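Shown next, in structure tokens, is the structure this report addresses.
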Amino acid sequence: MDDALLWHRLQFAFTITYHYLFPQLTMGLAWILVYWKWRHLRTDDERYGNAVRFWARIFGINFTVGVVTGIPMEFQFGTNWANFSRYSGNIIGQTLAMEGMFAFFLESAMVGAMVWGEKRLGPRNHFLATLGVAAGSWLSGYFILVTNAFMQHPVGYSLATDGTLRLADLQAYLLNPWALVVFLHNQTAAVVTGSFAVASVGALYTLRNRHSAQAALFLKTGCIIGLVASVVVAFPTGDMHAKKVAQYQPVALAAMEGRFHSGPMAEVNMIGQPNVKERRLDNPIRIPGALSFLAYGSFYANVRGLDEFPEDTWPTNIELLYYAFHIMVGLGTIFIVLMACACIQLARGRLEKTPALLWALMLAFPFPFIATSAGWMVAELGRQPWLVYGLLRTTQGTSEVVSGGDVLFTLIGFVGLYFVLGVLYLFMVGREILHGPQPTSSTGKRGAAHG
Amino acid sequence: MVETWYAILSFMLVMFIILDGFAIGAGILQYAVGKTDAERRLVLRAIGPLWSWHEVWLVSFGGTLFVAFPSILASAFAGFYLAFFLLLWSLVLRGVSHEASGHLDDPLWRTGWHFCFVASNILLAILIGAALGNVVRGVPLDARGRFTLSFFTNFGVRGHVGILDWYTVSVAVFTLVTLAAHGAVALVLKTTGPVHERSKRLAKLLWNVVPALLVVITVESWYVRPDLFPGMLRQPFAWLGVAGVLGGLLAVFTGLRTGREKRAVAGSCAFLAGLMIAGAASVFPVMLHSTLAPENSLTAYAGAATGHGLAIALIWWPVALVLSIGYSLFIHRHYAGKVRPAEDTESPY
């Protein structure tokens with residue numbers, strides 16, 4: 001790997017990983033806000049109105065950071081991956097343009113009025129604006145996932161005489177089976193992130209004995225949606241995704257599981273360290289047959305190991321891919337257990353009197369962010385060494401006119417700028433949470449307790 | 001087909017410059033027209049909640065360039081690498097400072113973010129101007145259709161040019177002044193009180209400078225790209241653009257003199273749109289002009305996407321456009337008219 005390629009990859013990896021911390025919360029919270037807003041409209045219960053107002057302010061901060069870190073992503077296709085853009089722009093351009101035209105216009109028109117315009121819009125139009133933001137953010141997610149799905153499992157294209165790809169079938173491209181499965185999996189994961197954040201703030205207020213009515217609402221909504229989403233993200237959507245990987249990227253599946261050798265009764269490795277040089281997994285703890293069952297529905301199915309594939313098609317970083325996959329699956333399992341316990345206590349009416357569980361819920365909110373980031377690392381590291389699977393290698397996709405020094409310059413710039421953004425974000429969101437969901441007074445001014 | 005997509009892209013860029021130009025211009029003038037914190041916040045309220053919808057015109061322009069002219073996008077984005085990241089960072093700063101400034105009712109916090117807002121808007125105007133200057137002047141495209149630009153070389157406009165030379169810098173200055181003038185007439189329309197009065201004085205001043213600078217830029221462009229002006233004569237769209245420029249100027253002057261605020265804003269929009277249309281029409285079909293050899297230039301015909309992708313996009317694109325404008329009208333009608341100081345000390349709109 002020459003220097004420029006390394007910096008191109010690192011910059012994209014860094015900016016996309018950082019960026020995606022924000023939209024996942026946006027997409028997860030959006031429908032929770034729509035639900036509360038709808039309840040408020042129907043029942044006129046101010047608990048729901050206050051919940052929307054409180055979370056909308058956090059949503060606004062989160063949305064802004066998501067937008068400003070998202071704009072560079074769109075442009076980096078051209079600046080850093082010019083050859084990839086030349087090669088597949090005819091196809092992925094469709095969804096990138098659709099995202100701007102159908103999704104961003106919708107979200108960006110509605111979001112300012114949704115966060116600040118409740119009085120001006122009136123209840124019904126404010127509900128519509130909230131709905132518009134939710135729909136726009138999920139639409140945007142779909143278009144990006146279709147774009148990514150083309151890179152993972154290209155469909156609907158033909159090869160032009162100049163060696164680039166051209167669109168052959170828009171319907172096939174937009175309804176890529178890979179995209180449909182990933183959309184379900186990824187969006188449910190976003191709901192996990194959103195519901196954990198809501199439950200976490202509810203637990204914090206309960207433990208501090210403050211805002212008790214709001215805290216109870218946050219806990220109830222967060223835990224119930226959190227349990228449903230945590231289950232669905234694993235089964236059926238995660239399972240469906242794994243089967244797609246087994247079908248279309250078997251070499252990535254082998255690497256994810258640290259499976260160096262083929263054979264039936266393939267085991268799931270719960271813990272273990274891949275030793276690529278020696279072609280084995282060190283210190284493994286295994287469940288025999290489980291991988292065969294998960295990938296192909298039978299304990300005796302043969303799951304191909306890395307040894308069956310030419311080495312130049314192996315993912316370039318097997319160790320990181322393996323760990324990312326295991327972190328995602330491990331955390332996902334813990335999420336189900338945590339939310340199941342919380343819901344049992346909730347049903348018994350005892351959640352507010354179970355401090356250990358409240359502590360766990362309060363501290364759990366960062367882990368969905370880690371799980372989704374790990375999940376995306378699985379997808380993107382598993383795709384290597386291909387940029388467009390089976391068609392274009394990552395080494396062929398960069399902008400050859402841009403020097404490694406230029407990319408490192410901008411990468412350092414991003415690291416600095418995004419560090420400042422992160423500190424600012426935590427400060428502003430932390431401040432909103434400390435202030436809490438106090439009802440607004442009739443003048444529109446917020447409570448005097450505001451620091 | 002190629003002409004249609006070229007027109008669509010020009011339209012999107014015009015929309016971005018006109019709409020986001022209000023926010024950029026008002027942002028540039030925030031300190032000039034707002035002497036107190038309340039007045040500076042009034043400027044943000046005048047910009048209104050649709051500012052990010054305005055900015056999306058640029059993002060969607062990028063997406064549409066991708067679908068219609070992928071190889072031009074690839075050459076231009078990689079070639080303007082460093083300039084693009086400066087543009088992106090100033091967009092990041094602008095968005096964040098706009099959002100952050102509202103969140104804390106604290107003088108130090110506000111002052112810091114307002115300063116950041118003004119600085120990023122000035123930088124943005126300069127970068128947009130320099131970019132437009134680069135498109136007119138051309139870039140050092142080689143025979144393979146690739147180029148790379150450093151920030152500056154010898155500040156000359158021929159051969160191995162840089163992003164900044166005497167021509168692109170003067171276009172950047174012109175853009176800065178023009179967008180400020182554009183923002184000023186918008187602030188006149190949207191505000192009352194001291195901000196309104198200061199905006200009016202500034203608008204009159206700036207709109208006297210704009211025509212003078214326009215003459216300078218026109219003469220300079222004649223020197224840099226003598227081939228453009230004969231081209232303009234053959235393009236009816238370029239005549240339309242020139243008519244927009246002249247009519248717009250007239251409307252701004254009479255509007256400002258007689259206090260017809262809406263006419264001044266409409267005139268300012270026509271002026272900006274006219275300039276962009278005249279420019280886009282006279283460079284067509286060349287999208288990237290080569291300063292090394294004219295035969296290396298990339299035309300819209302050579303850079304357009306092939307196959308039926310463009311025809312399909314022509315079906316969904318107008319649908320999306322109508323929806324998008326519908327969304328903005330849905331919100332806009334709640335925010336029409338002059339803005340008043342906020343009751344809620346933390347709400348930006």
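Lettering and numbering for the structure tokens are positional, with chains as A, B, ... in the shown order, residues counted from 1 in each chain, and ligands counted from 1 in the shown order.
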Identify every residue of chain A that has at least one atom within 8 Å of any atom of chain B, counting only C-alpha atoms, and report the result as a ChimeraX atom specification. /A:61,64-65,68-69,71-72,74-75,78-83,85-86,89-94,96-102,104-106,108-113,116-117,120-121,166-168,170,399,401-402,406,410,428,443-446
Non-local contacts of Arg340 in chain B (12 Å; only C-alpha atoms; under 5 positions in same chain excluded) as a list in words: Ala38, Glu39, Arg41, Leu42, Val43, Leu44, Arg45, Ala46, Gly48, Lys190, Thr191, Thr192, Gly193, Val195, His196, Tyr335, Pro348 and Tyr349 of chain B
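Rounded to one decimal, CA of Ala234 in chain A and CA of Val146 in chain A lie 20.9 Å from each other.
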Enumerate as number ranges by chain all residues of range 280-311 of chain B assigned to strand (DSSP E) by DSSP on the backbone, naming them with the chain letters and numbers the document uses. B: 286-288, 298-299
I need the chosen residues saved as a PDB file, in the first residue's frame, with N, CA and C atoms.
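Written file, part_17.pdb:
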```pdb
ATOM      1  N   VAL B 286     -17.790  24.161 -23.120  1.00  0.00           N
ATOM      2  CA  VAL B 286     -16.605  23.807 -22.323  1.00  0.00           C
ATOM      3  C   VAL B 286     -16.941  23.924 -20.843  1.00  0.00           C
ATOM      4  N   MET B 287     -16.732  22.870 -20.071  1.00  0.00           N
ATOM      5  CA  MET B 287     -16.976  22.952 -18.637  1.00  0.00           C
ATOM      6  C   MET B 287     -15.682  23.166 -17.878  1.00  0.00           C
ATOM      7  N   LEU B 288     -14.596  22.596 -18.376  1.00  0.00           N
ATOM      8  CA  LEU B 288     -13.286  22.857 -17.788  1.00  0.00           C
ATOM      9  C   LEU B 288     -12.359  23.263 -18.919  1.00  0.00           C
ATOM     10  N   LEU B 298     -12.275  20.061 -21.346  1.00  0.00           N
ATOM     11  CA  LEU B 298     -13.335  19.066 -21.203  1.00  0.00           C
ATOM     12  C   LEU B 298     -14.671  19.720 -21.509  1.00  0.00           C
ATOM     13  N   THR B 299     -15.373  19.207 -22.504  1.00  0.00           N
ATOM     14  CA  THR B 299     -16.675  19.773 -22.838  1.00  0.00           C
ATOM     15  C   THR B 299     -17.780  18.964 -22.170  1.00  0.00           C
TER      16      THR B 299
END
```
For the structure I just gave you, how does DSSP split range 209-322 of chain B - specifically, which residues are alpha helix (DSSP H)? Reply as an MDAnalysis selection string. chainID B and resid 209:224 228:234 236:258 261:283 300:303 309:322
Export, as a compact mmCIF listing (two decimals), in the first residue's frame, the selected residues with C-alpha atoms.
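The file below, out_13.txt, is the result:
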```
# COMPACT_ATOMS: atom_id res chain seq x y z
CA VAL B 209 -19.47 49.77 -5.70
CA VAL B 210 -20.89 46.68 -7.44
CA PRO B 211 -21.34 48.23 -10.94
CA ALA B 212 -17.85 49.75 -10.80
CA LEU B 213 -16.33 46.38 -9.90
CA LEU B 214 -18.44 44.71 -12.58
CA VAL B 215 -16.85 46.93 -15.21
CA VAL B 216 -13.39 46.04 -13.92
CA ILE B 217 -14.19 42.30 -13.92
CA THR B 218 -15.62 42.47 -17.43
CA VAL B 219 -12.50 44.15 -18.79
CA GLU B 220 -10.30 41.63 -16.96
CA SER B 221 -12.34 38.70 -18.29
CA TRP B 222 -11.94 40.10 -21.78
CA TYR B 223 -8.19 39.99 -21.32
CA VAL B 224 -8.11 36.53 -19.70
CA LEU B 228 -15.72 34.18 -24.50
CA PHE B 229 -17.20 37.41 -25.76
CA PRO B 230 -17.72 36.41 -29.41
CA GLY B 231 -19.25 33.23 -27.96
CA MET B 232 -21.74 35.31 -25.97
CA LEU B 233 -23.10 36.90 -29.14
CA ARG B 234 -24.11 33.51 -30.48
CA PRO B 236 -29.44 33.81 -26.70
CA PHE B 237 -29.16 32.67 -23.08
CA ALA B 238 -26.21 34.98 -22.64
CA TRP B 239 -28.32 37.90 -23.89
CA LEU B 240 -30.95 36.92 -21.36
CA GLY B 241 -28.25 36.96 -18.69
CA VAL B 242 -27.04 40.41 -19.70
CA ALA B 243 -30.63 41.65 -19.68
CA GLY B 244 -30.98 40.22 -16.15
CA VAL B 245 -27.84 42.02 -15.01
CA LEU B 246 -28.90 45.39 -16.41
CA GLY B 247 -32.57 45.08 -15.42
CA GLY B 248 -31.57 43.85 -11.98
CA LEU B 249 -29.27 46.81 -11.39
CA LEU B 250 -32.01 49.20 -12.46
CA ALA B 251 -34.53 47.53 -10.14
CA VAL B 252 -32.11 47.64 -7.19
CA PHE B 253 -31.38 51.34 -7.68
CA THR B 254 -34.97 52.44 -8.12
CA GLY B 255 -36.09 50.07 -5.37
CA LEU B 256 -33.59 51.44 -2.86
CA ARG B 257 -34.31 55.06 -3.83
CA THR B 258 -38.07 54.78 -3.51
CA GLU B 261 -37.86 46.80 -0.67
CA LYS B 262 -39.23 43.81 -2.55
CA ARG B 263 -38.26 45.30 -5.88
CA ALA B 264 -34.69 45.80 -4.65
CA VAL B 265 -34.48 42.16 -3.54
CA ALA B 266 -35.94 40.92 -6.84
CA GLY B 267 -33.47 43.12 -8.70
CA SER B 268 -30.57 41.77 -6.70
CA CYS B 269 -31.68 38.19 -7.49
CA ALA B 270 -32.00 39.04 -11.19
CA PHE B 271 -28.54 40.60 -11.14
CA LEU B 272 -26.90 37.51 -9.61
CA ALA B 273 -28.88 35.11 -11.80
CA GLY B 274 -28.08 37.17 -14.90
CA LEU B 275 -24.35 37.10 -14.16
CA MET B 276 -24.35 33.35 -13.62
CA ILE B 277 -26.48 32.65 -16.67
CA ALA B 278 -24.39 34.88 -18.91
CA GLY B 279 -21.24 33.18 -17.63
CA ALA B 280 -22.63 29.65 -17.97
CA ALA B 281 -23.96 30.34 -21.47
CA SER B 282 -20.76 31.86 -22.79
CA VAL B 283 -18.42 29.11 -21.56
CA ALA B 300 -20.10 18.88 -21.55
CA TYR B 301 -20.52 16.48 -24.46
CA ALA B 302 -17.32 14.58 -23.66
CA GLY B 303 -17.96 14.57 -19.91
CA GLY B 309 -29.12 6.99 -16.85
CA LEU B 310 -29.58 10.62 -17.83
CA ALA B 311 -32.99 9.98 -19.40
CA ILE B 312 -34.17 8.21 -16.25
CA ALA B 313 -32.89 10.99 -14.03
CA LEU B 314 -34.83 13.47 -16.15
CA ILE B 315 -38.00 11.72 -15.00
CA TRP B 316 -37.42 11.78 -11.26
CA TRP B 317 -35.52 15.06 -11.03
CA PRO B 318 -38.48 17.38 -11.78
CA VAL B 319 -40.65 15.46 -9.34
CA ALA B 320 -38.08 16.00 -6.61
CA LEU B 321 -37.79 19.68 -7.54
CA VAL B 322 -41.54 20.27 -7.19
```
Figure out the distance between CA of Glu319 in chain A and CA of Gly272 in chain A, please, to one decimal in Å. 10.7 Å
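Closest approach to Phe152 in chain B among B:Asp37, B:Phe174, B:Pro194, B:Ala83 is made by B:Ala83 (distances from only C-alpha atoms).
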